[in-house]
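Q: Sending over final.csv (CSV, N, CA and C atoms and all ligand atoms).
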chain,number,residue,atom,x,y,z
A,13,MET,N,0.8,-1.2,0.0
A,13,MET,CA,0.0,0.0,0.0
A,13,MET,C,0.9,1.3,0.0
A,14,ARG,N,1.9,1.3,0.8
A,14,ARG,CA,2.8,2.4,0.9
A,14,ARG,C,3.3,2.8,-0.5
A,15,LYS,N,3.7,1.8,-1.2
A,15,LYS,CA,4.2,2.1,-2.6
A,15,LYS,C,3.2,2.9,-3.4
A,16,LEU,N,2.0,2.6,-3.2
A,16,LEU,CA,1.0,3.3,-4.0
A,16,LEU,C,0.7,4.7,-3.5
A,17,ILE,N,0.8,4.9,-2.2
A,17,ILE,CA,0.4,6.2,-1.6
A,17,ILE,C,1.5,7.2,-1.9
A,18,LEU,N,2.7,6.9,-1.8
A,18,LEU,CA,3.8,7.9,-2.0
A,18,LEU,C,3.8,8.6,-3.3
A,19,PRO,N,3.7,7.8,-4.4
A,19,PRO,CA,3.6,8.5,-5.7
A,19,PRO,C,2.4,9.4,-5.8
A,20,ALA,N,1.3,8.9,-5.3
A,20,ALA,CA,0.0,9.7,-5.3
A,20,ALA,C,0.2,11.0,-4.6
A,21,LEU,N,0.9,11.0,-3.4
A,21,LEU,CA,1.1,12.2,-2.7
A,21,LEU,C,2.1,13.2,-3.5
A,22,ALA,N,3.1,12.6,-4.1
A,22,ALA,CA,4.0,13.4,-4.8
A,22,ALA,C,3.3,14.1,-6.0
A,23,ALA,N,2.4,13.4,-6.6
A,23,ALA,CA,1.7,13.9,-7.8
A,23,ALA,C,0.8,15.1,-7.3
A,24,LEU,N,0.2,15.0,-6.1
A,24,LEU,CA,-0.6,16.0,-5.6
A,24,LEU,C,0.2,17.3,-5.3
A,25,VAL,N,1.4,17.1,-4.7
A,25,VAL,CA,2.2,18.2,-4.3
A,25,VAL,C,2.7,18.9,-5.6
A,26,LEU,N,3.0,18.2,-6.6
A,26,LEU,CA,3.5,18.8,-7.9
A,26,LEU,C,2.4,19.5,-8.6
A,27,ALA,N,1.2,19.0,-8.5
A,27,ALA,CA,0.0,19.6,-9.2
A,27,ALA,C,-0.5,20.8,-8.5
A,28,ALA,N,-0.2,21.0,-7.2
A,28,ALA,CA,-0.9,22.0,-6.4
A,28,ALA,C,-0.7,23.4,-6.9
A,29,PRO,N,0.6,23.9,-7.2
A,29,PRO,CA,0.7,25.3,-7.7
A,29,PRO,C,-0.1,25.6,-8.9
A,30,ALA,N,0.0,24.7,-9.9
A,30,ALA,CA,-0.8,24.9,-11.1
A,30,ALA,C,-2.3,25.0,-10.9
A,31,ALA,N,-2.8,24.1,-10.0
A,31,ALA,CA,-4.2,24.2,-9.7
A,31,ALA,C,-4.6,25.5,-9.0
A,32,ALA,N,-3.7,25.9,-8.1
A,32,ALA,CA,-4.1,27.2,-7.4
A,32,ALA,C,-4.1,28.4,-8.3
A,33,ALA,N,-3.2,28.4,-9.3
A,33,ALA,CA,-3.1,29.5,-10.2
A,33,ALA,C,-4.4,29.5,-11.1
A,34,LYS,N,-5.0,28.4,-11.3
A,34,LYS,CA,-6.1,28.3,-12.2
A,34,LYS,C,-7.4,28.2,-11.5
A,35,ALA,N,-7.4,28.4,-10.2
A,35,ALA,CA,-8.6,28.3,-9.4
A,35,ALA,C,-9.6,29.3,-9.9
A,36,PRO,N,-10.9,28.9,-10.1
A,36,PRO,CA,-11.9,29.9,-10.7
A,36,PRO,C,-12.2,30.9,-9.7
A,37,LEU,N,-12.7,32.1,-10.2
A,37,LEU,CA,-13.3,33.1,-9.4
A,37,LEU,C,-14.7,32.8,-9.1
A,38,VAL,N,-15.1,32.6,-7.9
A,38,VAL,CA,-16.4,32.1,-7.5
A,38,VAL,C,-17.4,33.2,-7.3
A,39,VAL,N,-18.6,33.2,-7.9
A,39,VAL,CA,-19.7,34.0,-7.5
A,39,VAL,C,-20.6,33.2,-6.7
A,40,ALA,N,-20.8,33.5,-5.4
A,40,ALA,CA,-21.6,32.7,-4.5
A,40,ALA,C,-22.8,33.4,-4.0
A,41,MET,N,-23.9,32.6,-3.7
A,41,MET,CA,-25.1,33.2,-3.2
A,41,MET,C,-25.0,33.5,-1.7
A,42,LYS,N,-25.3,34.7,-1.3
A,42,LYS,CA,-25.3,35.1,0.1
A,42,LYS,C,-26.2,36.4,0.2
A,43,ASP,N,-27.1,36.3,1.2
A,43,ASP,CA,-27.9,37.5,1.5
A,43,ASP,C,-27.4,38.3,2.7
A,44,PRO,N,-27.5,39.6,2.7
A,44,PRO,CA,-28.2,40.4,1.7
A,44,PRO,C,-27.3,40.6,0.5
A,45,GLY,N,-28.0,41.0,-0.6
A,45,GLY,CA,-27.2,41.3,-1.8
A,45,GLY,C,-27.4,40.2,-2.9
A,46,CYS,N,-27.7,39.0,-2.5
A,46,CYS,CA,-28.0,37.8,-3.4
A,46,CYS,C,-26.7,37.1,-3.9
A,47,HIS,N,-25.7,37.9,-4.3
A,47,HIS,CA,-24.6,37.3,-4.9
A,47,HIS,C,-23.3,38.1,-4.6
A,48,TRP,N,-22.2,37.5,-4.4
A,48,TRP,CA,-21.0,38.1,-4.1
A,48,TRP,C,-19.8,37.3,-4.7
A,49,PHE,N,-18.7,38.0,-5.0
A,49,PHE,CA,-17.5,37.3,-5.2
A,49,PHE,C,-17.1,36.6,-3.9
A,50,HIS,N,-16.7,35.4,-4.0
A,50,HIS,CA,-16.2,34.7,-2.8
A,50,HIS,C,-14.7,34.4,-2.9
A,51,VAL,N,-13.9,35.2,-2.3
A,51,VAL,CA,-12.4,35.1,-2.5
A,51,VAL,C,-11.7,34.9,-1.2
A,52,GLY,N,-11.0,33.8,-1.0
A,52,GLY,CA,-10.2,33.6,0.2
A,52,GLY,C,-11.1,33.6,1.4
A,53,GLY,N,-12.3,33.1,1.3
A,53,GLY,CA,-13.2,33.0,2.5
A,53,GLY,C,-13.9,34.3,2.8
A,54,LYS,N,-13.7,35.4,2.0
A,54,LYS,CA,-14.4,36.7,2.2
A,54,LYS,C,-15.3,37.0,1.0
A,55,TYR,N,-16.4,37.7,1.3
A,55,TYR,CA,-17.3,38.1,0.3
A,55,TYR,C,-17.1,39.6,-0.1
A,56,THR,N,-17.0,39.8,-1.4
A,56,THR,CA,-16.6,41.2,-1.8
A,56,THR,C,-17.4,41.5,-3.1
A,57,LEU,N,-17.5,42.8,-3.4
A,57,LEU,CA,-18.3,43.3,-4.5
A,57,LEU,C,-17.4,43.5,-5.8
A,58,SER,N,-16.1,43.7,-5.5
A,58,SER,CA,-15.3,44.0,-6.7
A,58,SER,C,-13.9,43.3,-6.6
A,59,VAL,N,-13.5,42.8,-7.7
A,59,VAL,CA,-12.2,42.1,-7.8
A,59,VAL,C,-11.4,42.6,-9.0
A,60,THR,N,-10.1,42.7,-8.8
A,60,THR,CA,-9.2,43.0,-9.9
A,60,THR,C,-8.2,41.8,-10.0
A,61,ARG,N,-8.1,41.3,-11.3
A,61,ARG,CA,-7.2,40.2,-11.5
A,61,ARG,C,-6.5,40.3,-12.9
A,62,HIS,N,-5.4,39.6,-13.0
A,62,HIS,CA,-4.8,39.5,-14.3
A,62,HIS,C,-5.6,38.4,-15.1
A,63,GLY,N,-5.8,38.6,-16.4
A,63,GLY,CA,-6.5,37.6,-17.1
A,63,GLY,C,-5.6,36.4,-17.6
A,64,PRO,N,-6.2,35.4,-18.1
A,64,PRO,CA,-7.6,35.2,-18.2
A,64,PRO,C,-8.2,34.8,-16.8
A,65,VAL,N,-9.5,35.1,-16.7
A,65,VAL,CA,-10.2,34.8,-15.4
A,65,VAL,C,-11.3,33.8,-15.8
A,66,THR,N,-11.4,32.7,-15.0
A,66,THR,CA,-12.5,31.8,-15.1
A,66,THR,C,-13.5,32.0,-14.0
A,67,LEU,N,-14.7,32.3,-14.4
A,67,LEU,CA,-15.8,32.6,-13.4
A,67,LEU,C,-16.6,31.4,-13.2
A,68,LEU,N,-16.9,31.0,-11.9
A,68,LEU,CA,-17.7,29.9,-11.6
A,68,LEU,C,-19.0,30.4,-10.9
A,69,ASN,N,-20.1,30.1,-11.5
A,69,ASN,CA,-21.4,30.5,-11.0
A,69,ASN,C,-22.0,29.6,-9.9
A,70,GLN,N,-22.0,30.1,-8.7
A,70,GLN,CA,-22.6,29.3,-7.6
A,70,GLN,C,-23.8,30.1,-7.0
A,71,ASP,N,-24.4,30.9,-7.9
A,71,ASP,CA,-25.5,31.7,-7.5
A,71,ASP,C,-26.8,30.9,-7.8
A,72,GLU,N,-28.0,31.5,-7.6
A,72,GLU,CA,-29.2,30.8,-7.7
A,72,GLU,C,-29.9,30.9,-9.1
A,73,ALA,N,-29.2,31.7,-10.0
A,73,ALA,CA,-29.7,31.8,-11.3
A,73,ALA,C,-28.5,32.1,-12.2
A,74,ALA,N,-28.8,32.2,-13.6
A,74,ALA,CA,-27.7,32.5,-14.5
A,74,ALA,C,-27.1,33.9,-14.2
A,75,LEU,N,-25.9,34.1,-14.5
A,75,LEU,CA,-25.2,35.4,-14.4
A,75,LEU,C,-25.1,36.1,-15.8
A,76,LYS,N,-25.3,37.4,-15.8
A,76,LYS,CA,-25.1,38.1,-17.0
A,76,LYS,C,-23.8,38.9,-16.8
A,77,ILE,N,-22.9,38.8,-17.7
A,77,ILE,CA,-21.6,39.4,-17.7
A,77,ILE,C,-21.4,40.3,-18.8
A,78,LYS,N,-21.4,41.6,-18.5
A,78,LYS,CA,-21.3,42.7,-19.6
A,78,LYS,C,-19.8,43.1,-19.5
A,79,GLY,N,-19.1,42.9,-20.7
A,79,GLY,CA,-17.7,43.3,-20.7
A,79,GLY,C,-17.3,43.9,-22.0
A,80,PRO,N,-16.0,44.1,-22.1
A,80,PRO,CA,-15.5,44.8,-23.3
A,80,PRO,C,-15.8,44.0,-24.6
A,81,SER,N,-16.0,42.7,-24.5
A,81,SER,CA,-16.2,42.0,-25.8
A,81,SER,C,-17.7,41.5,-25.8
A,82,GLY,N,-18.6,42.2,-25.2
A,82,GLY,CA,-20.0,41.9,-25.3
A,82,GLY,C,-20.6,41.3,-24.0
A,83,THR,N,-21.8,40.7,-24.1
A,83,THR,CA,-22.4,40.2,-23.0
A,83,THR,C,-22.4,38.7,-23.0
A,84,LYS,N,-22.0,38.0,-21.9
A,84,LYS,CA,-22.0,36.6,-21.8
A,84,LYS,C,-23.0,36.1,-20.7
A,85,ILE,N,-23.5,34.9,-20.9
A,85,ILE,CA,-24.3,34.3,-19.8
A,85,ILE,C,-23.6,33.1,-19.2
A,86,ASP,N,-23.5,33.1,-17.9
A,86,ASP,CA,-22.9,32.0,-17.2
A,86,ASP,C,-24.0,31.3,-16.4
A,87,LYS,N,-24.3,30.1,-16.8
A,87,LYS,CA,-25.4,29.3,-16.2
A,87,LYS,C,-25.0,28.8,-14.8
A,88,ILE,N,-26.0,28.4,-14.0
A,88,ILE,CA,-25.7,27.9,-12.7
A,88,ILE,C,-24.7,26.7,-12.7
A,89,GLY,N,-23.7,26.7,-11.9
A,89,GLY,CA,-22.7,25.6,-11.9
A,89,GLY,C,-21.7,25.6,-13.0
A,90,ALA,N,-21.9,26.6,-13.9
A,90,ALA,CA,-21.0,26.6,-15.1
A,90,ALA,C,-19.9,27.6,-15.0
A,91,LYS,N,-18.9,27.4,-15.9
A,91,LYS,CA,-17.7,28.3,-15.9
A,91,LYS,C,-17.7,29.1,-17.2
A,92,VAL,N,-17.3,30.3,-17.1
A,92,VAL,CA,-17.0,31.1,-18.3
A,92,VAL,C,-15.6,31.7,-18.1
A,93,THR,N,-14.8,31.6,-19.2
A,93,THR,CA,-13.5,32.2,-19.1
A,93,THR,C,-13.5,33.6,-19.9
A,94,LEU,N,-13.0,34.6,-19.2
A,94,LEU,CA,-12.9,35.9,-19.7
A,94,LEU,C,-11.5,36.3,-20.0
A,95,ARG,N,-11.2,36.7,-21.2
A,95,ARG,CA,-9.8,37.0,-21.6
A,95,ARG,C,-9.6,38.4,-21.9
A,96,ALA,N,-10.6,39.2,-22.4
A,96,ALA,CA,-10.3,40.6,-22.8
A,96,ALA,C,-10.1,41.4,-21.5
A,97,LYS,N,-9.1,42.3,-21.6
A,97,LYS,CA,-8.8,43.2,-20.5
A,97,LYS,C,-9.9,44.3,-20.5
A,98,GLY,N,-10.2,44.7,-19.3
A,98,GLY,CA,-11.2,45.8,-19.1
A,98,GLY,C,-12.1,45.5,-17.9
A,99,THR,N,-13.3,46.2,-17.9
A,99,THR,CA,-14.2,46.1,-16.7
A,99,THR,C,-15.4,45.4,-17.1
A,100,TYR,N,-15.8,44.4,-16.3
A,100,TYR,CA,-16.9,43.6,-16.5
A,100,TYR,C,-18.0,43.9,-15.4
A,101,ARG,N,-19.2,44.1,-15.8
A,101,ARG,CA,-20.3,44.3,-14.8
A,101,ARG,C,-21.1,43.0,-14.7
A,102,ILE,N,-21.3,42.5,-13.5
A,102,ILE,CA,-21.9,41.1,-13.4
A,102,ILE,C,-23.2,41.3,-12.6
A,103,THR,N,-24.3,40.8,-13.2
A,103,THR,CA,-25.6,40.8,-12.4
A,103,THR,C,-26.2,39.4,-12.7
A,104,MET,N,-27.2,39.2,-11.9
A,104,MET,CA,-27.9,37.9,-12.0
A,104,MET,C,-29.2,38.1,-12.9
A,105,VAL,N,-29.5,37.2,-13.8
A,105,VAL,CA,-30.7,37.3,-14.6
A,105,VAL,C,-31.9,37.3,-13.7
A,106,GLY,N,-32.7,38.3,-13.8
A,106,GLY,CA,-33.9,38.4,-13.0
A,106,GLY,C,-33.7,38.9,-11.6
A,107,GLN,N,-32.6,39.5,-11.3
A,107,GLN,CA,-32.3,39.9,-9.9
A,107,GLN,C,-33.2,41.1,-9.5
A,108,ALA,N,-33.4,41.3,-8.2
A,108,ALA,CA,-34.0,42.4,-7.7
A,108,ALA,C,-33.2,43.7,-7.9
A,109,PRO,N,-33.8,44.9,-8.1
A,109,PRO,CA,-33.0,46.1,-8.4
A,109,PRO,C,-32.0,46.4,-7.3
A,110,ASP,N,-32.3,46.0,-6.0
A,110,ASP,CA,-31.3,46.3,-5.0
A,110,ASP,C,-30.3,45.2,-4.7
A,111,ASP,N,-30.3,44.2,-5.5
A,111,ASP,CA,-29.3,43.1,-5.3
A,111,ASP,C,-28.0,43.6,-5.9
A,112,ASN,N,-26.9,42.9,-5.5
A,112,ASN,CA,-25.6,43.4,-5.8
A,112,ASN,C,-25.3,43.5,-7.3
A,113,HIS,N,-24.5,44.5,-7.7
A,113,HIS,CA,-23.9,44.6,-9.0
A,113,HIS,C,-22.4,44.4,-8.8
A,114,LEU,N,-21.9,43.4,-9.4
A,114,LEU,CA,-20.5,43.1,-9.1
A,114,LEU,C,-19.6,43.7,-10.2
A,115,THR,N,-18.4,44.0,-9.8
A,115,THR,CA,-17.4,44.6,-10.8
A,115,THR,C,-16.2,43.7,-10.8
A,116,LEU,N,-15.8,43.3,-12.0
A,116,LEU,CA,-14.5,42.6,-12.2
A,116,LEU,C,-13.6,43.3,-13.1
A,117,LYS,N,-12.4,43.7,-12.7
A,117,LYS,CA,-11.5,44.3,-13.6
A,117,LYS,C,-10.4,43.3,-14.0
A,118,ILE,N,-10.2,43.2,-15.2
A,118,ILE,CA,-9.1,42.3,-15.7
A,118,ILE,C,-8.0,43.2,-16.3
A,119,SER,N,-6.8,43.1,-15.7
A,119,SER,CA,-5.7,43.9,-16.1
A,119,SER,C,-4.7,43.2,-16.9
B,201,CU,CU,-27.9,36.3,-7.1
Starting from the coordinates I provided, produce the structure as structure tokens.

A:
Amino acid sequence: MRKLILPALAALVLAAPAAAAKAPLVVAMKDPGCHWFHVGGKYTLSVTRHGPVTLLNQDEAALKIKGPSGTKIDKIGAKVTLRAKGTYRITMVGQAPDDNHLTLKIS
């Protein structure tokens, strides 16, 4: 058994940095506000990152992403990768007017 476990652990350790760099940016459901970026255990309304950024939708409905290259829809549980630099405004399809408007800047 030990012979099997050690190579598996080594593979995990080697894979960890690459996986961390590609971790998606999560939009999570949380009230009040309905949806927030969930980064490092904190909830925030705006995020700035170097691109490309992969967004993961963990909200309760599809997300509408308005950005420099048009509008994209990110369905529940789905990922969308954003590559163009600029400012993205993210809202939820059918959200209440006072629910959060999220801002993502890709530099
Ligand atoms: Cu929402």

Q: Using only N, CA and C atoms and all ligand atoms, can you tell me which of A:Phe49, A:His62, A:Met41, A:Leu57 comes closest to ligand CU 201 (chain B)?

A: A:Met41

Q: Please identify every polymer residue within 7 Å of ligand CU 201 (chain B), using only N, CA and C atoms and all ligand atoms, and present the set as a list in words.

A: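 My answer, listing the contacting residues, is Ala40, Met41, Lys42, Gly45, Cys46, His47, Trp48, Asp71, Glu72, Ala73, Thr103, Met104, Val105, Gln107 and Asn112 of chain A.
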
Q: Do you have the atom CA of A:Gly106-atom CA of A:Arg61 distance handy?

A: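 Computing it gives 26.8 Å between the two atoms.
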
Q: Just checking: using all atoms listed in the file, which residue out of A:Lys54, A:Arg95, A:Ile85, A:Val38 ends up closest to A:Asn69?

A: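 Nearest to A:Asn69: A:Val38.
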
Q: Please run DSSP on the backbone and report, as a PyMOL selection string, all residues within stretch 20-109 of chain A that come out as helix (DSSP H, G or I).

A: chain A and resi 20-33

Q: Atom N of A:Ser119 and atom CA of A:Lys97, how far apart in Å?

A: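 Going from atom CA of A:Lys97 over to atom N of A:Ser119, I get 5.2 Å.
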
Q: What does the distance from atom C of A:Pro44 to atom N of A:Leu116 come to in Å, to one decimal?

A: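 Interatomic distance, atom C of A:Pro44 to atom N of A:Leu116: 17.2 Å.
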
Q: Between A:Ala96, A:Ile102, A:Leu37, A:Ile118, which residue has the minimum interatomic distance to A:Ser81, considering all atoms listed in the file?

A: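 With all atoms listed in the file as the atom set, the closest residue is A:Ala96.
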
Q: Given the choices A:Lys78, A:Lys84, A:Lys34, A:Lys117, which gets closest to A:Arg101 if the distance is worked out from only N, CA and C atoms?

A: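 The closest residue to A:Arg101 is A:Lys78.
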
Q: Taking 2 positions as the minimum chain separation for residues in the same chain, which residues sit within 6 Å of A:Val92 when counting all atoms listed in the file? Answer as a PyMOL selection string.

A: chain A and resi 65-68+86+90+94

Q: Quick one: pick out all strand (DSSP E) residues within chain A from a backbone DSSP run and write them as an NGL selection string.

A: :A and (37-42 or 46-51 or 54-56 or 58-61 or 65-70 or 75-79 or 82-86 or 91-94 or 98-104 or 114-118)

Q: Determine the nearest neighbour of A:Gly52 from the options A:Pro36, A:Gly79, A:Gly89, A:Gly98, counting only C-alpha atoms.

A: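 Smallest distance to A:Gly52 is found for A:Pro36.
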